[in-house]
>>> print(open('model20.cif').read())   # mmCIF, C-alpha atoms and all ligand atoms
data_my_file
loop_
_atom_site.group_PDB
_atom_site.id
_atom_site.type_symbol
_atom_site.label_atom_id
_atom_site.label_comp_id
_atom_site.auth_asym_id
_atom_site.auth_seq_id
_atom_site.Cartn_x
_atom_site.Cartn_y
_atom_site.Cartn_z
ATOM 1 C CA MET A 1 -49.742 34.794 -11.297
ATOM 2 C CA ARG A 2 -47.360 31.990 -10.483
ATOM 3 C CA VAL A 3 -43.670 32.863 -10.536
ATOM 4 C CA VAL A 4 -41.982 30.041 -12.443
ATOM 5 C CA CYS A 5 -38.744 28.641 -11.066
ATOM 6 C CA ASN A 6 -35.476 27.238 -12.338
ATOM 7 C CA GLY A 7 -36.117 24.478 -14.851
ATOM 8 C CA ASN A 8 -39.066 26.173 -16.522
ATOM 9 C CA PRO A 9 -38.239 26.575 -20.235
ATOM 10 C CA ALA A 10 -39.618 30.164 -20.282
ATOM 11 C CA LEU A 11 -36.583 31.249 -18.233
ATOM 12 C CA ARG A 12 -34.096 30.042 -20.822
ATOM 13 C CA VAL A 13 -35.262 31.516 -24.111
ATOM 14 C CA LYS A 14 -34.857 34.945 -25.671
ATOM 15 C CA SER A 15 -38.125 36.861 -25.331
ATOM 16 C CA LEU A 16 -39.790 38.693 -28.214
ATOM 17 C CA PRO A 17 -40.263 42.474 -28.410
ATOM 18 C CA VAL A 18 -43.662 43.960 -27.575
ATOM 19 C CA MET A 19 -45.051 45.288 -30.857
ATOM 20 C CA SER A 20 -47.471 47.802 -29.362
ATOM 21 C CA VAL A 21 -48.736 48.671 -25.904
ATOM 22 C CA THR A 22 -52.248 47.261 -25.910
ATOM 23 C CA ASP A 23 -54.764 46.860 -23.084
ATOM 24 C CA GLU A 24 -53.557 43.273 -22.815
ATOM 25 C CA ILE A 25 -49.991 44.485 -22.169
ATOM 26 C CA ARG A 26 -51.201 47.024 -19.592
ATOM 27 C CA GLU A 27 -53.182 44.297 -17.826
ATOM 28 C CA LEU A 28 -50.144 41.999 -17.841
ATOM 29 C CA ALA A 29 -48.055 44.817 -16.292
ATOM 30 C CA ARG A 30 -50.660 45.392 -13.584
ATOM 31 C CA ARG A 31 -50.774 41.704 -12.693
ATOM 32 C CA MET A 32 -46.977 41.435 -12.698
ATOM 33 C CA ILE A 33 -46.712 44.363 -10.266
ATOM 34 C CA VAL A 34 -49.194 42.663 -7.913
ATOM 35 C CA THR A 35 -47.199 39.419 -8.198
ATOM 36 C CA MET A 36 -43.890 41.189 -7.486
ATOM 37 C CA LYS A 37 -45.361 42.906 -4.411
ATOM 38 C CA GLU A 38 -47.209 39.979 -2.874
ATOM 39 C CA ASN A 39 -44.124 37.829 -2.452
ATOM 40 C CA GLU A 40 -42.782 37.399 1.060
ATOM 41 C CA LEU A 41 -39.373 38.308 -0.311
ATOM 42 C CA PRO A 42 -39.379 41.971 -1.213
ATOM 43 C CA GLY A 43 -39.139 41.743 -4.993
ATOM 44 C CA VAL A 44 -37.537 44.814 -6.557
ATOM 45 C CA GLY A 45 -38.138 43.564 -10.076
ATOM 46 C CA LEU A 46 -39.908 40.932 -12.134
ATOM 47 C CA ALA A 47 -39.550 40.064 -15.816
ATOM 48 C CA ALA A 48 -42.398 38.671 -17.952
ATOM 49 C CA PRO A 49 -40.609 35.308 -18.539
ATOM 50 C CA GLN A 50 -40.777 34.791 -14.768
ATOM 51 C CA VAL A 51 -44.549 34.518 -15.075
ATOM 52 C CA GLY A 52 -44.127 32.254 -18.105
ATOM 53 C CA ILE A 53 -44.641 34.938 -20.761
ATOM 54 C CA ASN A 54 -41.782 35.470 -23.216
ATOM 55 C CA LYS A 55 -42.375 39.145 -23.954
ATOM 56 C CA ARG A 56 -39.824 41.916 -23.437
ATOM 57 C CA MET A 57 -41.384 43.649 -20.462
ATOM 58 C CA ILE A 58 -40.233 44.098 -16.871
ATOM 59 C CA VAL A 59 -41.692 45.693 -13.761
ATOM 60 C CA ILE A 60 -39.503 47.346 -11.142
ATOM 61 C CA ASP A 61 -39.758 49.010 -7.767
ATOM 62 C CA THR A 62 -36.313 49.895 -6.469
ATOM 63 C CA ARG A 63 -37.368 52.791 -4.263
ATOM 64 C CA PRO A 64 -35.752 52.777 -0.822
ATOM 65 C CA THR A 65 -38.044 51.058 1.683
ATOM 66 C CA GLY A 66 -36.858 51.213 5.317
ATOM 67 C CA ARG A 67 -36.261 54.454 7.185
ATOM 68 C CA LYS A 68 -32.549 53.734 7.355
ATOM 69 C CA GLU A 69 -32.379 53.107 3.611
ATOM 70 C CA LYS A 70 -34.291 56.301 2.920
ATOM 71 C CA ARG A 71 -31.845 58.290 5.035
ATOM 72 C CA SER A 72 -28.762 56.848 3.316
ATOM 73 C CA GLU A 73 -30.451 57.410 -0.033
ATOM 74 C CA LYS A 74 -30.848 61.101 0.761
ATOM 75 C CA LYS A 75 -27.125 61.463 1.327
ATOM 76 C CA LYS A 76 -26.320 59.787 -1.968
ATOM 77 C CA GLN A 77 -26.418 61.646 -5.222
ATOM 78 C CA LEU A 78 -29.223 59.976 -7.160
ATOM 79 C CA SER A 79 -28.614 59.167 -10.820
ATOM 80 C CA PRO A 80 -30.779 60.907 -13.451
ATOM 81 C CA GLY A 81 -32.616 57.595 -13.952
ATOM 82 C CA GLU A 82 -33.494 57.289 -10.268
ATOM 83 C CA MET A 83 -34.674 60.902 -10.184
ATOM 84 C CA LEU A 84 -36.843 60.368 -13.251
ATOM 85 C CA LEU A 85 -38.200 56.889 -12.538
ATOM 86 C CA ASN A 86 -38.447 56.616 -8.717
ATOM 87 C CA PRO A 87 -41.557 58.847 -8.562
ATOM 88 C CA LEU A 88 -43.233 56.606 -11.191
ATOM 89 C CA MET A 89 -42.605 53.316 -9.334
ATOM 90 C CA PRO A 90 -43.868 50.621 -9.284
ATOM 91 C CA LEU A 91 -43.206 50.911 -12.977
ATOM 92 C CA ALA A 92 -43.411 48.757 -16.111
ATOM 93 C CA LEU A 93 -40.763 49.107 -18.827
ATOM 94 C CA VAL A 94 -41.535 47.817 -22.305
ATOM 95 C CA ASN A 95 -38.712 46.627 -24.592
ATOM 96 C CA PRO A 96 -36.031 47.860 -22.149
ATOM 97 C CA GLU A 97 -32.510 47.992 -23.604
ATOM 98 C CA ILE A 98 -29.114 48.826 -22.226
ATOM 99 C CA LEU A 99 -27.381 51.034 -24.772
ATOM 100 C CA SER A 100 -24.080 51.386 -22.929
ATOM 101 C CA THR A 101 -22.457 50.580 -19.598
ATOM 102 C CA SER A 102 -19.844 52.211 -17.369
ATOM 103 C CA ALA A 103 -16.345 50.761 -17.160
ATOM 104 C CA GLU A 104 -16.642 50.994 -13.378
ATOM 105 C CA THR A 105 -18.193 47.859 -11.863
ATOM 106 C CA GLU A 106 -19.755 46.932 -8.530
ATOM 107 C CA THR A 107 -20.062 43.536 -6.882
ATOM 108 C CA CYS A 108 -23.171 42.868 -4.843
ATOM 109 C CA GLY A 109 -25.204 39.923 -3.510
ATOM 110 C CA GLU A 110 -28.255 39.073 -5.614
ATOM 111 C CA GLY A 111 -31.281 36.823 -5.354
ATOM 112 C CA CYS A 112 -34.194 36.053 -7.659
ATOM 113 C CA LEU A 113 -37.876 35.191 -7.186
ATOM 114 C CA SER A 114 -37.356 32.350 -9.694
ATOM 115 C CA LEU A 115 -34.427 30.915 -7.715
ATOM 116 C CA PRO A 116 -35.673 30.988 -4.096
ATOM 117 C CA GLY A 117 -32.901 30.016 -1.691
ATOM 118 C CA VAL A 118 -30.072 30.831 -4.103
ATOM 119 C CA GLU A 119 -27.768 33.749 -3.397
ATOM 120 C CA GLY A 120 -24.523 34.893 -4.915
ATOM 121 C CA ASP A 121 -22.276 37.792 -5.760
ATOM 122 C CA VAL A 122 -22.589 39.344 -9.182
ATOM 123 C CA THR A 123 -20.220 41.909 -10.664
ATOM 124 C CA ARG A 124 -21.970 44.320 -12.990
ATOM 125 C CA PRO A 125 -21.343 47.775 -14.477
ATOM 126 C CA ALA A 126 -22.197 50.427 -11.887
ATOM 127 C CA ARG A 127 -24.111 52.624 -14.354
ATOM 128 C CA VAL A 128 -26.066 51.913 -17.517
ATOM 129 C CA LEU A 129 -27.759 53.938 -20.215
ATOM 130 C CA LEU A 130 -31.346 52.666 -20.414
ATOM 131 C CA ARG A 131 -33.783 53.040 -23.282
ATOM 132 C CA ALA A 132 -37.333 51.800 -22.759
ATOM 133 C CA MET A 133 -40.951 52.570 -23.452
ATOM 134 C CA LEU A 134 -43.460 53.371 -20.721
ATOM 135 C CA LEU A 135 -47.051 52.127 -20.740
ATOM 136 C CA ASP A 136 -48.248 55.490 -22.057
ATOM 137 C CA GLY A 137 -46.096 54.984 -25.151
ATOM 138 C CA LYS A 138 -43.447 57.554 -24.123
ATOM 139 C CA GLU A 139 -39.827 56.595 -24.684
ATOM 140 C CA VAL A 140 -37.240 57.243 -21.995
ATOM 141 C CA MET A 141 -33.478 57.284 -22.436
ATOM 142 C CA VAL A 142 -31.638 57.932 -19.196
ATOM 143 C CA GLU A 143 -28.495 57.081 -17.250
ATOM 144 C CA CYS A 144 -29.212 54.880 -14.237
ATOM 145 C CA GLY A 145 -27.045 54.054 -11.213
ATOM 146 C CA GLY A 146 -27.399 52.427 -7.811
ATOM 147 C CA LEU A 147 -29.837 49.591 -7.160
ATOM 148 C CA LEU A 148 -31.846 50.655 -10.218
ATOM 149 C CA ALA A 149 -28.888 49.949 -12.542
ATOM 150 C CA ARG A 150 -28.341 46.526 -10.970
ATOM 151 C CA CYS A 151 -32.023 45.620 -11.078
ATOM 152 C CA LEU A 152 -32.352 46.665 -14.730
ATOM 153 C CA GLN A 153 -29.403 44.477 -15.722
ATOM 154 C CA HIS A 154 -30.772 41.500 -13.754
ATOM 155 C CA GLU A 155 -34.267 41.843 -15.277
ATOM 156 C CA ILE A 156 -33.069 42.466 -18.837
ATOM 157 C CA ASP A 157 -30.884 39.352 -18.475
ATOM 158 C CA HIS A 158 -34.154 37.432 -17.907
ATOM 159 C CA LEU A 159 -35.415 38.688 -21.291
ATOM 160 C CA ASP A 160 -32.353 37.074 -22.887
ATOM 161 C CA GLY A 161 -32.700 33.768 -21.018
ATOM 162 C CA ILE A 162 -29.868 34.540 -18.575
ATOM 163 C CA LEU A 163 -30.122 33.883 -14.817
ATOM 164 C CA PHE A 164 -27.967 35.581 -12.165
ATOM 165 C CA TYR A 165 -26.776 32.077 -11.285
ATOM 166 C CA ASP A 166 -24.886 32.096 -14.612
ATOM 167 C CA ARG A 167 -22.895 35.103 -13.403
ATOM 168 C CA ILE A 168 -21.861 34.048 -9.868
ATOM 169 C CA PRO A 169 -18.454 32.542 -9.014
ATOM 170 C CA LYS A 170 -18.008 28.833 -9.624
ATOM 171 C CA GLU A 171 -17.799 27.889 -5.952
ATOM 172 C CA GLN A 172 -21.089 29.711 -5.250
ATOM 173 C CA GLN A 173 -22.682 27.900 -8.198
ATOM 174 C CA GLU A 174 -21.541 24.584 -6.770
ATOM 175 C CA ALA A 175 -23.004 25.502 -3.372
ATOM 176 C CA ALA A 176 -26.338 26.325 -5.063
ATOM 177 C CA ASN A 177 -26.542 23.270 -7.307
ATOM 178 C CA ASP A 178 -28.621 21.145 -4.916
ATOM 179 C CA ILE A 179 -31.249 23.876 -4.628
ATOM 180 C CA MET A 180 -31.180 24.437 -8.401
ATOM 181 C CA ALA A 181 -31.834 20.711 -8.934
ATOM 182 C CA GLU A 182 -34.682 20.652 -6.385
ATOM 183 C CA LEU A 183 -36.343 23.639 -8.041
ATOM 184 C CA ALA A 184 -36.020 22.010 -11.467
ATOM 185 C CA ALA A 185 -37.561 18.771 -10.163
ATOM 186 C CA GLU A 186 -40.538 20.721 -8.739
ATOM 187 C CA GLU A 187 -41.006 22.582 -12.033
ATOM 188 C CA ALA A 188 -40.922 19.289 -13.981
ATOM 189 C CA MET A 189 -43.592 17.861 -11.652
ATOM 190 C CA LEU A 190 -45.821 20.929 -12.121
ATOM 191 C CA ALA A 191 -45.377 20.748 -15.906
ATOM 192 C CA SER A 192 -46.384 17.086 -16.090
ATOM 193 C CA ALA A 193 -49.376 17.724 -13.774
ATOM 194 C CA GLN A 194 -50.486 20.522 -16.144
ATOM 195 C CA CYS A 195 -50.139 18.192 -19.147
ATOM 196 C CA LYS A 196 -52.390 15.590 -17.523
ATOM 197 C CA ALA A 197 -55.023 18.123 -16.442
HETATM 198 ZN ZN ZN B 1 -34.578 37.337 -11.324
#
>>> encode(input="model20.cif", output="structure tokens")
Amino acid sequence: MRVVCNGNPALRVKSLPVMSVTDEIRELARRMIVTMKENELPGVGLAAPQVGINKRMIVIDTRPTGRKEKRSEKKKQLSPGEMLLNPLMPLALVNPEILSTSAETETCGEGCLSLPGVEGDVTRPARVLLRAMLLDGKEVMVECGGLLARCLQHEIDHLDGILFYDRIPKEQQEAANDIMAELAAEEAMLASAQCKA
């Protein structure tokens, strides 16, 4: 599946809830996981609008990768969400919602497969209470911290038409504006090519 970039209208609308988990939804999840993994950038999450489909579903894989990361992860106290979900990753979450957030925040650099070349610092709540459905129809409600909490907020933003660019400081936005414009021009070209075909 092609990951759509800045300028594609699918990235700027509110996506609709998934009514029931059908074979079609499971197939979409499978293809999104492949798409997230095959990128040269290690994608830790992908939202359905990023493949041009405005449905409320995301796929995530925020497990520690490198040996060093794994070691530092061991020392950290994992949140209940990481303990529950890490063994299930890569994982699709249907109709994910954040029910509440911690007052404590963390600022961290982010990137996005739909905004290649753009980076910036985003301040977000450090912990969130997630409610979502899994592909087997089970509902989970769990407190998530660490990279998982950040990734969930970034991906759920996509379902509401929000990009991390919207949340970075003004001077970082200004620094990214040339790249944002280039990406939008490429998307416009692809869209008009598709119309002609
Ligand atoms: Zn993103």
>>> axis_aligned_box(input="model20.cif", around="segment 157-168 of chain A", padding_each_side="3 Å", output="JSON")
{"center_x": -28.6, "center_y": 35.7, "center_z": -16.4, "size_x": 19.6, "size_y": 13.3, "size_z": 19.0}
>>> residues_near_point(input="model20.cif", point="(-38.4, 57.3, -27.1)", cutoff="12 Å", atoms="only C-alpha atoms", output="list of chain:residue names")
A:Leu93, A:Val94, A:Asn95, A:Pro96, A:Glu97, A:Leu130, A:Arg131, A:Ala132, A:Met133, A:Leu134, A:Leu135, A:Asp136, A:Gly137, A:Lys138, A:Glu139, A:Val140, A:Met141, A:Val142
>>> write_last_selection(input="model20.cif", atoms="C-alpha atoms", output="PDB file, in the frame of the given file")
ATOM      1  CA  LEU A  93     -40.763  49.107 -18.827  1.00  0.00           C
ATOM      2  CA  VAL A  94     -41.535  47.817 -22.305  1.00  0.00           C
ATOM      3  CA  ASN A  95     -38.712  46.627 -24.592  1.00  0.00           C
ATOM      4  CA  PRO A  96     -36.031  47.860 -22.149  1.00  0.00           C
ATOM      5  CA  GLU A  97     -32.510  47.992 -23.604  1.00  0.00           C
ATOM      6  CA  LEU A 130     -31.346  52.666 -20.414  1.00  0.00           C
ATOM      7  CA  ARG A 131     -33.783  53.040 -23.282  1.00  0.00           C
ATOM      8  CA  ALA A 132     -37.333  51.800 -22.759  1.00  0.00           C
ATOM      9  CA  MET A 133     -40.951  52.570 -23.452  1.00  0.00           C
ATOM     10  CA  LEU A 134     -43.460  53.371 -20.721  1.00  0.00           C
ATOM     11  CA  LEU A 135     -47.051  52.127 -20.740  1.00  0.00           C
ATOM     12  CA  ASP A 136     -48.248  55.490 -22.057  1.00  0.00           C
ATOM     13  CA  GLY A 137     -46.096  54.984 -25.151  1.00  0.00           C
ATOM     14  CA  LYS A 138     -43.447  57.554 -24.123  1.00  0.00           C
ATOM     15  CA  GLU A 139     -39.827  56.595 -24.684  1.00  0.00           C
ATOM     16  CA  VAL A 140     -37.240  57.243 -21.995  1.00  0.00           C
ATOM     17  CA  MET A 141     -33.478  57.284 -22.436  1.00  0.00           C
ATOM     18  CA  VAL A 142     -31.638  57.932 -19.196  1.00  0.00           C
TER      19      VAL A 142
END
>>> closest_residue(input="model20.cif", among="A:Pro80, A:Gly109, A:Gly120, A:Pro64", to="Glu143 of chain A", atoms="only C-alpha atoms")
A:Pro80
>>> closest_residue(input="model20.cif", among="A:Leu163, A:Leu152, A:Ile25, A:Ala181", to="Pro125 of chain A", atoms="only C-alpha atoms")
A:Leu152
>>> residues_near_ligand(input="model20.cif", ligand="ligand ZN 1 (chain B)", cutoff="10 Å", atoms="all atoms listed in the file", output="ChimeraX atom specification")
/A:5,11,43-47,49-50,110-116,151,153-158,162-165
>>> closest_residue(input="model20.cif", among="A:Thr62, A:Thr22, A:Asn6, A:Thr101", to="Met36 of chain A", atoms="only C-alpha atoms")
A:Thr62
>>> residues_near_point(input="model20.cif", point="(-20.3, 32.5, -9.8)", cutoff="12 Å", atoms="all atoms listed in the file", output="number ranges by chain")
A: 107-110, 118-123, 163-177
>>> closest_residue(input="model20.cif", among="A:Lys76, A:Arg26, A:Arg63, A:Lys37", to="Leu88 of chain A", atoms="all atoms listed in the file")
A:Arg63
>>> closest_residue(input="model20.cif", among="A:Pro87, A:Pro17, A:Gly52, A:Gly161", to="Glu187 of chain A", atoms="only C-alpha atoms")
A:Gly52
>>> closest_residue(input="model20.cif", among="A:Ala149, A:Val4, A:Ile98, A:Leu78", to="Ile60 of chain A", atoms="all atoms listed in the file")
A:Ala149
>>> atom_distance(input="model20.cif", atom1="atom CA of Ser79 of chain A", atom2="atom CA of Thr35 of chain A")
27.2 Å
>>> atom_distance(input="model20.cif", atom1="atom CA of Asp23 of chain A", atom2="atom CA of Met57 of chain A")
14.0 Å
>>> atom_distance(input="model20.cif", atom1="atom CA of Leu129 of chain A", atom2="atom CA of Asp160 of chain A")
17.7 Å
